[in-house]
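As stored in coords_18.tsv (TSV, C-alpha atoms):
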```tsv
chain	number	residue	atom	x	y	z
C	89	MET	CA	-12.55	18.95	-12.82
C	90	GLU	CA	-13.86	20.51	-9.66
C	91	THR	CA	-12.64	23.98	-8.87
C	92	PHE	CA	-10.22	24.94	-6.16
C	93	ALA	CA	-12.06	27.02	-3.58
C	94	ASN	CA	-10.77	30.31	-2.27
C	95	PRO	CA	-10.52	30.31	0.70
C	96	CYS	CA	-10.08	26.57	0.99
C	97	LEU	CA	-10.86	24.56	4.10
C	98	THR	CA	-9.35	21.08	3.93
C	99	LEU	CA	-10.07	18.10	6.17
C	100	LEU	CA	-7.61	15.22	6.29
C	101	THR	CA	-8.56	11.77	7.52
C	102	ASP	CA	-6.57	10.03	10.24
C	103	SER	CA	-8.16	6.76	11.31
C	104	THR	CA	-5.00	5.76	13.17
C	105	ARG	CA	-5.65	8.56	15.63
C	106	TYR	CA	-9.42	9.00	15.50
C	107	GLY	CA	-10.63	5.45	14.79
C	108	GLU	CA	-12.85	4.21	12.01
C	109	LEU	CA	-13.66	6.93	9.52
C	110	ASP	CA	-17.09	8.30	10.22
C	111	PHE	CA	-18.62	8.99	6.82
C	112	ASP	CA	-21.48	10.91	8.42
C	113	LEU	CA	-18.91	13.20	10.03
C	114	ILE	CA	-17.26	13.80	6.65
C	115	GLU	CA	-20.65	14.59	5.13
C	116	GLY	CA	-21.46	16.98	7.98
C	117	ALA	CA	-18.08	18.70	7.72
C	118	ILE	CA	-18.71	19.37	4.03
C	119	GLU	CA	-22.14	20.80	4.87
C	120	GLY	CA	-20.37	22.99	7.43
C	121	GLY	CA	-18.01	24.39	4.81
C	122	VAL	CA	-15.15	21.96	4.10
C	123	ASP	CA	-13.99	22.38	0.49
C	124	MET	CA	-11.52	19.53	0.22
C	125	ILE	CA	-11.37	16.07	1.74
C	126	GLN	CA	-8.01	14.34	1.78
C	127	LEU	CA	-7.95	10.60	2.29
C	128	ARG	CA	-4.64	10.16	4.12
C	129	GLU	CA	-4.45	6.61	5.36
C	130	PRO	CA	-0.98	5.13	4.89
C	131	ALA	CA	-1.99	1.98	6.78
C	132	PHE	CA	-4.86	1.16	4.39
C	133	THR	CA	-4.43	-1.64	1.87
C	134	GLU	CA	-5.10	-0.69	-1.75
C	135	SER	CA	-8.39	-2.59	-1.60
C	136	LYS	CA	-9.46	-0.58	1.46
C	137	VAL	CA	-8.44	2.68	-0.20
C	138	ILE	CA	-10.53	1.82	-3.24
C	139	LYS	CA	-13.61	0.96	-1.21
C	140	THR	CA	-13.48	3.87	1.18
C	141	GLY	CA	-12.39	6.16	-1.66
C	142	ASN	CA	-15.50	5.22	-3.58
C	143	LEU	CA	-17.68	6.33	-0.69
C	144	ILE	CA	-15.81	9.58	-0.17
C	145	LYS	CA	-16.07	10.30	-3.88
C	146	GLU	CA	-19.83	9.84	-3.60
C	147	ILE	CA	-20.02	12.10	-0.53
C	148	THR	CA	-17.88	14.85	-2.08
C	149	LYS	CA	-19.41	14.81	-5.56
C	150	ASN	CA	-20.24	18.35	-6.68
C	151	LYS	CA	-19.70	19.61	-3.14
C	152	ALA	CA	-15.99	19.32	-2.34
C	153	LEU	CA	-12.71	18.20	-3.87
C	154	PHE	CA	-11.58	14.68	-3.12
C	155	ILE	CA	-7.82	14.32	-2.92
C	156	PHE	CA	-6.01	11.06	-2.32
C	157	ASN	CA	-2.84	11.45	-0.29
C	158	GLY	CA	-0.58	8.77	-1.74
C	159	ASN	CA	0.13	7.02	-5.02
C	160	PRO	CA	-1.06	9.01	-8.09
C	161	LYS	CA	-2.04	5.81	-9.91
C	162	ILE	CA	-4.41	4.87	-7.10
C	163	ALA	CA	-5.75	8.42	-7.01
C	164	HIS	CA	-6.59	8.02	-10.69
C	165	LYS	CA	-8.10	4.59	-10.11
C	166	ILE	CA	-10.51	5.86	-7.46
C	167	ASN	CA	-11.50	8.88	-9.56
C	168	ALA	CA	-10.10	11.32	-7.04
C	169	ASP	CA	-9.95	14.96	-8.12
C	170	GLY	CA	-6.32	15.07	-7.21
C	171	VAL	CA	-3.33	13.62	-5.46
C	172	GLN	CA	-1.27	14.89	-2.55
C	173	LEU	CA	2.42	14.04	-2.68
C	174	PRO	CA	4.81	14.07	0.27
C	175	GLU	CA	7.94	16.22	0.27
C	176	SER	CA	9.99	13.06	-0.37
C	177	ARG	CA	8.32	12.72	-3.79
C	178	ILE	CA	9.69	16.02	-5.04
C	179	ASP	CA	11.19	14.13	-8.00
C	180	THR	CA	7.73	13.13	-9.22
C	181	VAL	CA	7.02	15.73	-11.87
C	182	ALA	CA	3.63	16.64	-13.31
C	183	ALA	CA	4.31	14.56	-16.43
C	184	ASP	CA	4.49	11.41	-14.23
C	185	ILE	CA	0.99	11.98	-12.90
C	186	PRO	CA	-2.18	10.85	-14.69
C	187	LYS	CA	-3.76	13.76	-16.58
C	188	GLY	CA	-6.71	15.50	-15.00
C	189	LEU	CA	-5.54	15.09	-11.41
C	190	LEU	CA	-4.87	18.20	-9.36
C	191	ILE	CA	-1.42	18.00	-7.82
C	192	GLY	CA	-0.90	18.99	-4.22
C	193	ARG	CA	2.46	18.78	-2.48
C	194	SER	CA	3.33	18.84	1.19
C	195	ILE	CA	6.31	21.01	1.98
C	196	HIS	CA	8.17	22.20	5.05
C	197	SER	CA	10.69	24.68	3.68
C	198	LYS	CA	11.21	27.42	1.11
C	199	THR	CA	13.71	25.24	-0.76
C	200	THR	CA	11.27	22.37	-1.36
C	201	ALA	CA	8.45	24.81	-2.06
C	202	LEU	CA	10.44	26.34	-4.90
C	203	LYS	CA	11.37	22.87	-6.20
C	204	SER	CA	7.71	21.84	-6.01
C	205	GLU	CA	6.63	24.78	-8.11
C	206	LYS	CA	9.20	23.82	-10.73
C	207	ALA	CA	8.09	20.15	-10.68
C	208	GLY	CA	4.49	21.24	-11.26
C	209	THR	CA	1.90	21.72	-8.55
C	210	ASP	CA	-1.59	23.15	-8.22
C	211	PHE	CA	-1.39	23.81	-4.51
C	212	LEU	CA	0.98	23.38	-1.59
C	213	ILE	CA	0.29	22.34	1.96
C	214	ALA	CA	2.86	23.99	4.20
C	215	GLY	CA	3.63	23.27	7.83
C	216	THR	CA	3.92	22.39	10.60
C	217	LEU	CA	2.79	25.90	11.57
C	218	PHE	CA	1.78	25.42	15.20
C	219	LYS	CA	2.26	22.64	17.72
C	220	SER	CA	0.31	19.72	16.36
C	221	ASN	CA	-1.03	16.52	17.94
C	222	SER	CA	-0.10	14.72	14.72
C	223	HIS	CA	3.55	15.78	14.89
C	224	LEU	CA	4.43	16.42	18.52
C	225	GLU	CA	8.12	15.78	17.79
C	226	ILE	CA	8.32	18.65	15.29
C	227	ASP	CA	9.20	22.19	16.26
C	228	PRO	CA	6.58	24.36	14.59
C	229	SER	CA	7.69	26.83	11.94
C	230	GLY	CA	5.19	29.51	12.91
C	231	LEU	CA	3.48	31.84	10.46
C	232	SER	CA	6.80	33.03	9.05
C	233	LEU	CA	6.85	29.96	6.78
C	234	ILE	CA	3.62	31.14	5.11
C	235	SER	CA	4.68	34.77	4.78
C	236	THR	CA	8.07	33.75	3.37
C	237	LEU	CA	6.50	31.41	0.81
C	238	CYS	CA	3.91	33.94	-0.29
C	239	LYS	CA	6.67	36.33	-1.30
C	240	VAL	CA	8.33	33.85	-3.66
C	241	LEU	CA	5.53	31.58	-4.94
C	242	ARG	CA	2.52	31.95	-7.18
C	243	THR	CA	1.01	28.60	-6.14
C	244	PRO	CA	-1.86	28.68	-3.62
C	245	ILE	CA	-0.69	27.65	-0.15
C	246	LEU	CA	-2.69	25.94	2.56
C	247	GLY	CA	-1.31	26.05	6.09
C	248	ILE	CA	-1.28	22.90	8.22
C	249	GLY	CA	-0.38	21.90	11.74
C	250	GLY	CA	-2.15	22.80	14.95
C	251	ILE	CA	-4.63	25.13	13.25
C	252	ASN	CA	-7.83	25.80	15.15
C	253	ALA	CA	-10.56	28.42	15.37
C	254	ASP	CA	-8.30	30.69	17.45
C	255	ASN	CA	-5.39	30.88	14.99
C	256	ALA	CA	-7.02	30.14	11.60
C	257	GLU	CA	-7.49	33.81	10.76
C	258	SER	CA	-3.80	34.55	11.39
C	259	VAL	CA	-2.83	31.92	8.78
C	260	ILE	CA	-4.92	33.69	6.15
C	261	LYS	CA	-3.60	37.08	7.21
C	262	ALA	CA	-0.07	35.70	6.72
C	263	GLY	CA	-1.02	35.11	3.09
C	264	ALA	CA	-2.31	31.53	2.92
C	265	HIS	CA	-5.07	30.53	0.54
C	266	GLY	CA	-6.61	28.27	3.17
C	267	ILE	CA	-5.95	25.75	5.91
C	268	ALA	CA	-5.83	21.99	6.35
C	269	VAL	CA	-6.96	20.46	9.63
C	270	ILE	CA	-7.42	17.11	11.31
C	271	SER	CA	-8.13	17.31	15.04
C	272	SER	CA	-10.02	20.63	14.95
C	273	ILE	CA	-12.83	18.80	13.17
C	274	TRP	CA	-12.36	15.10	14.00
C	275	SER	CA	-12.22	15.72	17.74
C	276	ALA	CA	-14.89	18.44	17.84
C	277	SER	CA	-18.07	17.70	19.76
C	278	ASN	CA	-19.97	19.03	16.75
C	279	PRO	CA	-17.79	18.61	13.64
C	280	LYS	CA	-20.25	20.39	11.35
C	281	ASP	CA	-20.28	23.48	13.57
C	282	ALA	CA	-16.50	23.29	13.94
C	283	ALA	CA	-16.14	23.34	10.14
C	284	LYS	CA	-18.56	26.26	9.92
C	285	THR	CA	-16.62	28.26	12.50
C	286	LEU	CA	-13.27	27.54	10.82
C	287	LYS	CA	-14.68	28.55	7.44
C	288	GLN	CA	-15.94	31.84	8.85
C	289	LYS	CA	-12.44	32.55	10.20
C	290	LEU	CA	-11.01	32.12	6.70
C	291	VAL	CA	-13.09	34.90	5.25
C	292	VAL	CA	-10.91	37.80	6.31
C	293	ASN	CA	-12.02	41.28	5.38
K	216	MET	CA	-45.49	-18.95	8.19
K	217	GLU	CA	-41.95	-20.27	7.85
K	218	THR	CA	-39.31	-17.64	7.01
K	219	LYS	CA	-37.34	-18.37	3.88
K	220	THR	CA	-33.59	-18.25	4.21
K	221	ILE	CA	-30.84	-17.76	1.66
K	222	ASN	CA	-27.12	-18.50	1.67
K	223	ILE	CA	-24.68	-15.67	1.14
K	224	LYS	CA	-21.05	-14.92	1.95
K	225	ILE	CA	-19.98	-12.15	4.28
K	226	ASN	CA	-16.25	-11.34	4.20
K	227	GLY	CA	-15.62	-14.77	2.68
K	228	LYS	CA	-17.60	-16.73	5.28
K	229	ASN	CA	-20.83	-18.58	4.52
K	230	LYS	CA	-23.84	-17.15	6.25
K	231	GLN	CA	-27.54	-17.94	6.20
K	232	ILE	CA	-29.87	-14.96	6.36
K	233	ASN	CA	-33.55	-14.31	5.95
K	234	SER	CA	-34.55	-13.66	2.36
K	235	CYS	CA	-35.86	-10.26	1.19
K	236	MET	CA	-33.43	-8.24	3.28
K	237	THR	CA	-31.76	-5.03	2.18
K	238	ILE	CA	-28.11	-4.39	2.98
K	239	ALA	CA	-29.09	-1.77	5.56
K	240	GLU	CA	-31.42	-4.26	7.26
K	241	LEU	CA	-28.69	-6.90	7.33
K	242	MET	CA	-26.24	-4.44	8.89
K	243	THR	CA	-28.79	-3.53	11.55
K	244	LYS	CA	-29.28	-7.23	12.27
K	245	LEU	CA	-25.52	-7.72	12.53
K	246	ASP	CA	-25.36	-4.65	14.79
K	247	ILE	CA	-22.99	-2.87	12.43
K	248	ASN	CA	-23.06	0.92	12.24
K	249	ILE	CA	-23.30	1.78	8.55
K	250	LYS	CA	-21.77	5.22	9.02
K	251	LEU	CA	-18.39	3.62	9.80
K	252	ILE	CA	-18.04	1.11	6.96
K	253	ALA	CA	-17.85	0.65	3.21
K	254	ILE	CA	-19.85	-2.24	1.76
K	255	ALA	CA	-19.13	-3.99	-1.48
K	256	LEU	CA	-21.70	-6.31	-3.02
K	257	ASN	CA	-20.14	-8.80	-5.42
K	258	GLY	CA	-17.12	-6.51	-5.69
K	259	VAL	CA	-19.03	-3.29	-6.30
K	260	VAL	CA	-19.09	-0.61	-3.61
K	261	ILE	CA	-22.66	0.28	-2.76
K	262	ARG	CA	-23.49	3.97	-2.59
K	263	ARG	CA	-24.48	5.07	0.88
K	264	LEU	CA	-27.82	6.30	-0.44
K	265	ASP	CA	-28.57	2.84	-1.83
K	266	LEU	CA	-27.89	0.75	1.26
K	267	ASP	CA	-31.56	0.61	2.21
K	268	LYS	CA	-32.66	-0.06	-1.35
K	269	VAL	CA	-30.36	-2.84	-2.49
K	270	GLN	CA	-31.87	-6.27	-1.90
K	271	ILE	CA	-29.63	-9.23	-1.08
K	272	TYR	CA	-29.98	-12.30	-3.31
K	273	PRO	CA	-28.85	-15.92	-2.78
K	274	LYS	CA	-25.10	-16.44	-3.30
K	275	ASP	CA	-24.37	-12.73	-3.00
K	276	GLU	CA	-20.92	-11.96	-1.67
K	277	ILE	CA	-20.83	-9.05	0.72
K	278	GLU	CA	-17.64	-7.41	1.88
K	279	ILE	CA	-17.79	-5.20	4.93
K	280	VAL	CA	-14.80	-2.87	5.04
K	281	ARG	CA	-13.95	-1.07	8.27
K	282	ALA	CA	-12.41	2.27	7.36
K	283	VAL	CA	-9.52	2.00	9.77
K	284	GLY	CA	-5.88	1.03	9.35
K	285	GLY	CA	-4.90	-2.66	9.59
K	286	GLY	CA	-7.05	-5.79	9.28
```
For the file at hand, write its structure as structure tokens.
Amino acid sequence: METFANPCLTLLTDSTRYGELDFDLIEGAIEGGVDMIQLREPAFTESKVIKTGNLIKEITKNKALFIFNGNPKIAHKINADGVQLPESRIDTVAADIPKGLLIGRSIHSKTTALKSEKAGTDFLIAGTLFKSNSHLEIDPSGLSLISTLCKVLRTPILGIGGINADNAESVIKAGAHGIAVISSIWSASNPKDAAKTLKQKLVVN
Amino acid sequence: METKTINIKINGKNKQINSCMTIAELMTKLDINIKLIAIALNGVVIRRLDLDKVQIYPKDEIEIVRAVGGG
């Protein structure tokens, strides 16, 4: 199993918003410092997930973690390093998940974070921290969500939602283990440089 | 000299192409940007590094998968 980086810079895919996945961009982002790629494509058929997952696995091999955001059985099938479960799958406990997969869970509150830790999780993605293009309808929680969670959890937490080079450092200072981003890299004019800049912001002295 | 052609299938449709082509060459000919797709040859996903090495043979079945939702 690949190791979980500290600090951890995660890039999620979102072809619905940013168009066809650019595998060169993913490769460049990893070169720039991305530690984890999450394939998050709810509109993909299983066949499409398997084929694109195969390529991402090849790109990430020995360089970054490859997490499939979705069904744990498919994550296992595509040899992902782990699976990311939504908050609605809080009832899926570690024993239900194929062995060897890292378990990530997306959470939005202290209550579900505590439940997640009980259900078994290797890392949590917590948000929405700031106003995000992906969730314009959601009122952001702000950094208080991270600082609150850090006081009660032992699990590493990655912040998500509207994180960019200007606020990334504040997420780490609030106690997060890393960040997860979409637009800050996918919409950057130079995604590799954007990843590099974000990574530098995560190394807080 | 006459160019030899072979019959293959691309996304389930019969297609005649010049023989001795690699997958990368075929994609260039079809004007498809290889950085935006996954390609399976007879059901096996071809590694990105191998696209310009893997030769296409008669009756090969190539699947070009656009990495975008839908379709």
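With only C-alpha atoms taken into account, chain C has Ser103, Glu108, Leu109, Asp110, Phe111, Asp112, Ala131, Phe132 and Thr140 of chain C at most 6 Å from chain K.
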Query raised in the report: Neighbours of Lys161 in chain C within 8 Å (only C-alpha atoms; same-chain residues fewer than 4 positions away dropped), as a ChimeraX atom specification?
Result: /C:165,185-186
Writing out the chosen residues with C-alpha atoms as a compact mmCIF listing (two decimals), in the frame of the given file:
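In the end it all went to again-v5.txt:
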```txt
# COMPACT_ATOMS: atom_id res chain seq x y z
CA LYS C 165 -8.10 4.59 -10.11
CA ILE C 185 0.99 11.98 -12.90
CA PRO C 186 -2.18 10.85 -14.69
```
Query - Nearest-residue call for Lys224 in chain K, choices K:Glu240, K:Asn257, K:Lys268, K:Asp246, using all atoms listed in the file - result: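 Under the stated criterion, the closest residue is K:Asn257.
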Query - From C:Gly230, C:Gly249, C:Pro174, C:Gly120, residue lying nearest Thr216 in chain C [only C-alpha atoms] - result: C:Gly249
Report task. Tell me, in Å to one decimal, how far CA of Ile232 in chain K is from CA of Gly141 in chain C. Result ->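 CA of Gly141 in chain C lies at a distance of 28.6 Å from CA of Ile232 in chain K.
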Requested in this report: Please return, as a list in words, all polymer residues that have at least one atom within 12 Å of the point (-36.8, -7.9, 3.4); use all atoms listed in the file and the file's own coordinate frame.
Outcome: Thr218, Lys219, Thr220, Ile221, Ile232, Asn233, Ser234, Cys235, Met236, Thr237, Ile238, Ala239, Glu240, Leu241, Lys244, Asp267, Lys268, Val269, Gln270, Ile271 and Tyr272 of chain K
**Report entry** Separation of CA of Cys238 in chain C from CA of Gly263 in chain C in Å
**Finding:** 6.1 Å
Query raised in the report: Around (-6.7, 25.3, 10.1) in the file's own coordinates, what residues are found within 10 Å if you use all atoms listed in the file, given back as a PyMOL selection string?
Result: chain C and resi 96-99+217-218+246-260+266-273+283+286-287+289-290
Writing out the chosen residues with C-alpha atoms as a compact mmCIF listing (two decimals), keeping the file's coordinate frame:
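Below is the file out_5.txt, written as the result:
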```txt
# COMPACT_ATOMS: atom_id res chain seq x y z
CA CYS C 96 -10.08 26.57 0.99
CA LEU C 97 -10.86 24.56 4.10
CA THR C 98 -9.35 21.08 3.93
CA LEU C 99 -10.07 18.10 6.17
CA LEU C 217 2.79 25.90 11.57
CA PHE C 218 1.78 25.42 15.20
CA LEU C 246 -2.69 25.94 2.56
CA GLY C 247 -1.31 26.05 6.09
CA ILE C 248 -1.28 22.90 8.22
CA GLY C 249 -0.38 21.90 11.74
CA GLY C 250 -2.15 22.80 14.95
CA ILE C 251 -4.63 25.13 13.25
CA ASN C 252 -7.83 25.80 15.15
CA ALA C 253 -10.56 28.42 15.37
CA ASP C 254 -8.30 30.69 17.45
CA ASN C 255 -5.39 30.88 14.99
CA ALA C 256 -7.02 30.14 11.60
CA GLU C 257 -7.49 33.81 10.76
CA SER C 258 -3.80 34.55 11.39
CA VAL C 259 -2.83 31.92 8.78
CA ILE C 260 -4.92 33.69 6.15
CA GLY C 266 -6.61 28.27 3.17
CA ILE C 267 -5.95 25.75 5.91
CA ALA C 268 -5.83 21.99 6.35
CA VAL C 269 -6.96 20.46 9.63
CA ILE C 270 -7.42 17.11 11.31
CA SER C 271 -8.13 17.31 15.04
CA SER C 272 -10.02 20.63 14.95
CA ILE C 273 -12.83 18.80 13.17
CA ALA C 283 -16.14 23.34 10.14
CA LEU C 286 -13.27 27.54 10.82
CA LYS C 287 -14.68 28.55 7.44
CA LYS C 289 -12.44 32.55 10.20
CA LEU C 290 -11.01 32.12 6.70
```
Query raised in the report: Between C:Thr148, C:Asn221, C:Ser135, C:Gln172, which one has atoms that come closest to Ile191 in chain C, using all atoms listed in the file?
Result: C:Gln172
Query raised in the report: Can you tell me how far CA of Leu237 in chain C sits from CA of Leu189 in chain C, in Å to one decimal?
Result: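 Atom-to-atom, CA of Leu237 in chain C and CA of Leu189 in chain C are spaced 23.7 Å apart.
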Residues near Gln126 in chain C, cut-off 7 Å, only C-alpha atoms, skip fewer than 4 positions along chain, as a compact mmCIF listing (two decimals) with C-alpha atoms, in the frame of the given file:
```txt
# COMPACT_ATOMS: atom_id res chain seq x y z
CA LEU C 99 -10.07 18.10 6.17
CA LEU C 100 -7.61 15.22 6.29
CA THR C 101 -8.56 11.77 7.52
CA PHE C 154 -11.58 14.68 -3.12
CA ILE C 155 -7.82 14.32 -2.92
CA PHE C 156 -6.01 11.06 -2.32
CA ASN C 157 -2.84 11.45 -0.29
```
Query raised in the report: Pick from K:Leu266, K:Ile225, K:Pro273, K:Leu256: nearest to Thr243 in chain K, with all atoms listed in the file counted?
Result: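 Ranked by minimum distance to Thr243 in chain K, first place goes to K:Leu266.
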Query raised in the report: So which one's closest to Arg177 in chain C, C:Ser204, C:Asn142, C:Thr285, C:Thr199? Using all atoms listed in the file, please.
Result: C:Ser204
**Report entry** Selected residue, from K:Lys228, K:Ile223, K:Leu245, K:Asp265, that lies nearest to Leu143 in chain C when counting all atoms listed in the file
**Finding:**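 Among the listed residues, K:Asp265 lies closest to Leu143 in chain C.
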Report task. Find the spatial neighbours of Ile118 in chain C, counting all atoms listed in the file, within a cut-off of 8 Å - ignore same-chain residues fewer than 2 positions away - and output them as a ChimeraX atom specification. Result -> /C:114-116,120-123,148,151-152,280,283
